[in-house]
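For reference, final33.cif is printed below; it contains mmCIF, C-alpha atoms.
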```
data_final
loop_
_atom_site.label_atom_id
_atom_site.label_comp_id
_atom_site.auth_asym_id
_atom_site.auth_seq_id
_atom_site.Cartn_x
_atom_site.Cartn_y
_atom_site.Cartn_z
CA MET A 1 0.00 0.00 0.00
CA ASP A 2 2.74 2.50 0.92
CA GLU A 3 4.43 1.98 -2.45
CA MET A 4 1.56 3.86 -4.11
CA LYS A 5 1.14 6.65 -1.54
CA ASN A 6 1.96 10.17 -2.70
CA THR A 7 3.22 9.04 -6.05
CA LYS A 8 2.32 9.50 -9.66
CA TRP A 9 0.08 6.44 -9.22
CA ASP A 10 -2.29 8.32 -6.92
CA LYS A 11 -2.65 11.01 -9.57
CA ARG A 12 -3.12 8.48 -12.37
CA PHE A 13 -5.82 6.52 -10.56
CA LEU A 14 -7.62 9.67 -9.42
CA GLU A 15 -7.58 11.00 -12.99
CA MET A 16 -9.05 7.68 -14.10
CA ALA A 17 -11.83 8.05 -11.49
CA CYS A 18 -12.58 11.47 -13.00
CA ASN A 19 -12.80 9.87 -16.43
CA VAL A 20 -15.08 7.10 -15.14
CA ALA A 21 -17.32 9.81 -13.62
CA SER A 22 -18.16 10.97 -17.14
CA TRP A 23 -20.04 7.69 -17.64
CA SER A 24 -22.52 8.66 -14.91
CA SER A 25 -26.22 8.63 -15.70
CA CYS A 26 -26.87 11.31 -13.07
CA TYR A 27 -29.04 14.14 -14.38
CA GLN A 28 -26.96 16.77 -12.54
CA GLN A 29 -23.62 17.44 -14.21
CA ASN A 30 -22.03 18.50 -10.90
CA ARG A 31 -22.94 15.18 -9.29
CA GLN A 32 -21.18 12.86 -11.69
CA VAL A 33 -18.97 10.69 -9.48
CA GLY A 34 -16.42 8.05 -10.40
CA ALA A 35 -14.45 5.50 -8.38
CA VAL A 36 -11.49 3.21 -9.03
CA ILE A 37 -10.34 0.47 -6.67
CA ALA A 38 -6.67 -0.37 -7.12
CA LYS A 39 -4.01 -2.48 -5.45
CA ASN A 40 -0.34 -3.04 -6.28
CA LYS A 41 -0.53 -0.55 -9.18
CA ARG A 42 -3.39 -2.52 -10.78
CA ILE A 43 -7.00 -1.51 -11.29
CA LEU A 44 -9.34 -4.04 -9.71
CA THR A 45 -12.73 -2.43 -10.43
CA THR A 46 -14.39 0.84 -11.38
CA GLY A 47 -17.75 2.38 -10.63
CA TYR A 48 -19.80 5.45 -11.40
CA ASN A 49 -23.05 6.75 -9.98
CA GLY A 50 -26.03 5.62 -11.96
CA ALA A 51 -29.35 3.86 -11.82
CA SER A 52 -29.35 0.23 -10.74
CA CYS A 53 -29.77 -2.49 -13.38
CA GLY A 54 -33.28 -2.42 -14.86
CA ILE A 55 -34.07 1.04 -13.42
CA GLU A 56 -34.51 4.01 -15.73
CA SER A 57 -31.92 6.70 -14.97
CA CYS A 58 -32.61 10.34 -14.14
CA LYS A 59 -31.11 11.30 -17.51
CA ASP A 60 -33.61 9.02 -19.24
CA LYS A 61 -36.46 10.33 -17.08
CA GLY A 62 -35.40 13.90 -17.85
CA GLU A 63 -35.38 15.04 -14.23
CA CYS A 64 -33.55 14.64 -10.96
CA LEU A 65 -35.74 13.18 -8.21
CA ARG A 66 -33.63 14.85 -5.52
CA ARG A 67 -33.95 18.25 -7.18
CA LYS A 68 -37.68 17.71 -7.74
CA LEU A 69 -38.12 16.96 -4.00
CA ASN A 70 -35.72 19.78 -2.99
CA ILE A 71 -33.43 17.42 -1.02
CA PRO A 72 -30.19 19.07 0.18
CA SER A 73 -26.86 17.54 -0.81
CA GLY A 74 -25.46 15.12 1.76
CA THR A 75 -28.89 14.02 3.06
CA ARG A 76 -31.54 11.38 2.32
CA HIS A 77 -29.32 9.30 0.01
CA GLU A 78 -32.04 6.67 -0.28
CA LEU A 79 -34.18 9.10 -2.28
CA CYS A 80 -32.25 8.81 -5.53
CA TYR A 81 -32.39 6.44 -8.47
CA ALA A 82 -28.59 6.23 -8.60
CA THR A 83 -26.30 3.82 -6.82
CA HIS A 84 -23.14 5.62 -5.70
CA ALA A 85 -19.86 5.13 -7.58
CA GLU A 86 -18.13 3.60 -4.55
CA GLN A 87 -21.02 1.17 -4.05
CA ASN A 88 -20.92 0.15 -7.71
CA ALA A 89 -17.15 -0.45 -7.59
CA ILE A 90 -17.51 -2.64 -4.48
CA VAL A 91 -20.50 -4.53 -5.95
CA GLN A 92 -18.58 -5.12 -9.18
CA ALA A 93 -15.75 -6.67 -7.15
CA ALA A 94 -18.22 -8.94 -5.33
CA ARG A 95 -19.93 -10.02 -8.56
CA MET A 96 -16.60 -10.76 -10.25
CA GLY A 97 -15.04 -12.50 -7.24
CA ILE A 98 -12.28 -9.91 -6.90
CA ALA A 99 -10.74 -9.48 -3.44
CA ILE A 100 -10.40 -5.79 -2.55
CA GLU A 101 -9.13 -6.15 1.02
CA GLY A 102 -6.13 -3.88 1.55
CA ALA A 103 -6.84 -1.89 -1.63
CA THR A 104 -7.09 1.85 -2.19
CA LEU A 105 -10.29 3.49 -3.39
CA TYR A 106 -9.84 6.55 -5.61
CA CYS A 107 -12.94 8.69 -5.87
CA THR A 108 -13.86 12.04 -7.33
CA HIS A 109 -15.71 12.95 -4.10
CA GLN A 110 -15.33 12.21 -0.39
CA PRO A 111 -17.57 9.21 0.39
CA CYS A 112 -20.93 9.65 2.13
CA THR A 113 -21.73 7.80 5.37
CA ILE A 114 -23.39 4.86 3.59
CA CYS A 115 -20.40 4.42 1.27
CA ALA A 116 -17.97 4.86 4.16
CA LYS A 117 -19.58 1.92 5.98
CA LEU A 118 -19.31 -0.28 2.88
CA ILE A 119 -15.71 0.78 2.28
CA ILE A 120 -14.78 -0.01 5.89
CA ASN A 121 -16.47 -3.43 5.83
CA SER A 122 -14.95 -4.34 2.45
CA GLY A 123 -11.44 -4.06 3.90
CA ILE A 124 -10.32 -1.10 1.80
CA LYS A 125 -7.50 0.55 3.76
CA ARG A 126 -7.10 3.89 2.01
CA ILE A 127 -9.30 6.45 0.27
CA VAL A 128 -7.95 9.14 -2.04
CA TYR A 129 -10.48 11.74 -3.20
CA LYS A 130 -10.58 15.05 -5.05
CA GLU A 131 -13.68 16.97 -3.91
CA GLY A 132 -15.13 17.34 -0.42
CA TYR A 133 -18.69 16.38 0.50
CA PRO A 134 -20.96 17.76 3.26
CA ASP A 135 -20.95 14.66 5.47
CA ASP A 136 -18.86 14.98 8.64
CA PHE A 137 -20.17 11.71 10.09
CA SER A 138 -18.54 9.76 7.25
CA LEU A 139 -15.20 11.36 8.18
CA GLN A 140 -15.70 10.33 11.79
CA LEU A 141 -16.41 6.71 10.83
CA ILE A 142 -13.46 6.52 8.44
CA LYS A 143 -11.10 7.91 11.08
CA GLU A 144 -12.42 5.63 13.83
CA ALA A 145 -12.04 2.57 11.58
CA GLY A 146 -8.42 3.46 10.83
CA VAL A 147 -8.94 3.89 7.11
CA GLU A 148 -6.43 6.37 5.70
CA LEU A 149 -8.05 9.35 3.96
CA ASP A 150 -6.16 11.68 1.61
CA GLN A 151 -7.49 14.58 -0.42
CA LEU A 152 -5.50 15.16 -3.62
CA GLU A 153 -5.66 18.06 -6.02
CA ILE A 154 -5.10 17.18 -9.65
#
```
Starting from the file, lay out its structure as structure tokens.
Amino acid sequence: MDEMKNTKWDKRFLEMACNVASWSSCYQQNRQVGAVIAKNKRILTTGYNGASCGIESCKDKGECLRRKLNIPSGTRHELCYATHAEQNAIVQAARMGIAIEGATLYCTHQPCTICAKLIINSGIKRIVYKEGYPDDFSLQLIKEAGVELDQLEI
């Protein structure tokens, strides 16, 4: 894990997460989120925020449910058609039988509380993110669990 810390690899994987974010089916441009899970300089999985399989996305519906209901950012995550990028990356690993314990998660945004809990339980040991997110409780959980958290500007 330390071999990748503060190196060109952090920047490369975070840039890739930004690229993956462009695949998002989120109706709001500013809420396109991407994630990459990597270990030993290898990409294990990727994820972006978008509607679950078989569910029509906000883009396809032509409206954002959260905006329609006037839900503030960082709250009521369950009221959204999208599955978060971090969740999709972890689910992809589970579906493909890929072990992510000890890996690093690179994400365009600081994880929310729900994602933080999944990250902690999946065994991911480090999170590198670009943008902050209004969820202080997630930071508390991540710190208490001993998961390393680094914000990186690219």
Matched chain/residue IDs from the PyMOL selection byres ((chain A and resi 81) around 6), as a PyMOL selection string = chain A and resi 51+80+82
Can you write out the residues you just picked, keeping C-alpha atoms, as a PDB file, in the frame of the given file?
```pdb
ATOM      1  CA  ALA A  51     -29.350   3.860 -11.820  1.00  0.00           C
ATOM      2  CA  CYS A  80     -32.250   8.810  -5.530  1.00  0.00           C
ATOM      3  CA  ALA A  82     -28.590   6.230  -8.600  1.00  0.00           C
TER       4      ALA A  82
END
```
inquiry  = I'd like to know which of A:Ile90, A:Tyr106, A:Leu44, A:Gly146 is closest to Arg12 (chain A), using all atoms listed in the file.
reply    = A:Tyr106
message = For this structure, which residues satisfy the selection - the PyMOL selection byres ((chain A and resi 127-133) around 9) - when it is evaluated on the file as given? I want them as JSON, numbers by chain.
response = {"A": [10, 14, 18, 73, 74, 103, 104, 105, 106, 107, 108, 109, 110, 111, 112, 119, 124, 125, 126, 134, 135, 136, 147, 148, 149, 150, 151, 152, 153, 154]}
query = Any idea what's packed within 12 Å of Arg76 (chain A), counting all atoms listed in the file, ignoring anything in its chain fewer than 5 positions away? Could you give it as a VMD selection string?
reply = chain A and resid 65 to 67 69 to 71 81 112 to 114 135
key: the PyMOL selection byres ((chain A and resi 85) around 12) applied to the shown file, residues as a ChimeraX atom specification   = /A:17-18,20-26,31-37,45-52,82-84,86-92,105-112,114-116,118-119
task = Rounded to one decimal place, report the CA of Leu79 (chain A)-CA of Ser122 (chain A) distance in Å.
result = 23.9 Å
query = What's the 10 Å shell around Ala145 (chain A), counting all atoms listed in the file, without same-chain residues fewer than 4 positions away, as a list in words?
reply =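 Near Ala145 (chain A), the qualifying residues are Ala116, Lys117, Ile120, Asn121, Lys125, Leu139, Gln140 and Leu141 of chain A.
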ask   = Which one is closest to Ile100 (chain A): A:Arg42, A:Lys61, A:Lys68, A:Lys8? Count all atoms listed in the file.
value = A:Arg42
Six-sided padding of 4 Å per side, axis-aligned box over region 125-129 of chain A, centre and edges in Å, one decimal, as lines of an AutoDock Vina configuration file:
```
center_x = -8.8
center_y = 6.1
center_z = 0.3
size_x = 11.4
size_y = 19.2
size_z = 15.0
```
A:Ser138, A:Arg95, A:Gln28, A:Asn19 ranked by distance to Lys59 (chain A), top pick (using all atoms listed in the file) =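 Between A:Ser138, A:Arg95, A:Gln28, A:Asn19, the residue approaching Lys59 (chain A) most closely is A:Gln28.
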query = Between CA of Lys39 (chain A) and CA of Met16 (chain A), what is the distance, to one decimal in Å?
reply = 14.3 Å
key: Coordinates-based distance that separates CA of Phe13 (chain A) from CA of Lys41 (chain A) (Å, one decimal)   = 8.9 Å
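For the choices A:Ile98, A:Cys64, A:Thr75, A:Ala93, the atom-to-atom distance to Phe137 (chain A) is smallest for A:Thr75 when using all atoms listed in the file.
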request  = Would you please work out which residue, of A:Pro72, A:Tyr27, A:Asn40, A:His77, is nearest to Glu56 (chain A) when using only C-alpha atoms?
outcome  =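 So, comparing all the options, the nearest one is A:Tyr27.
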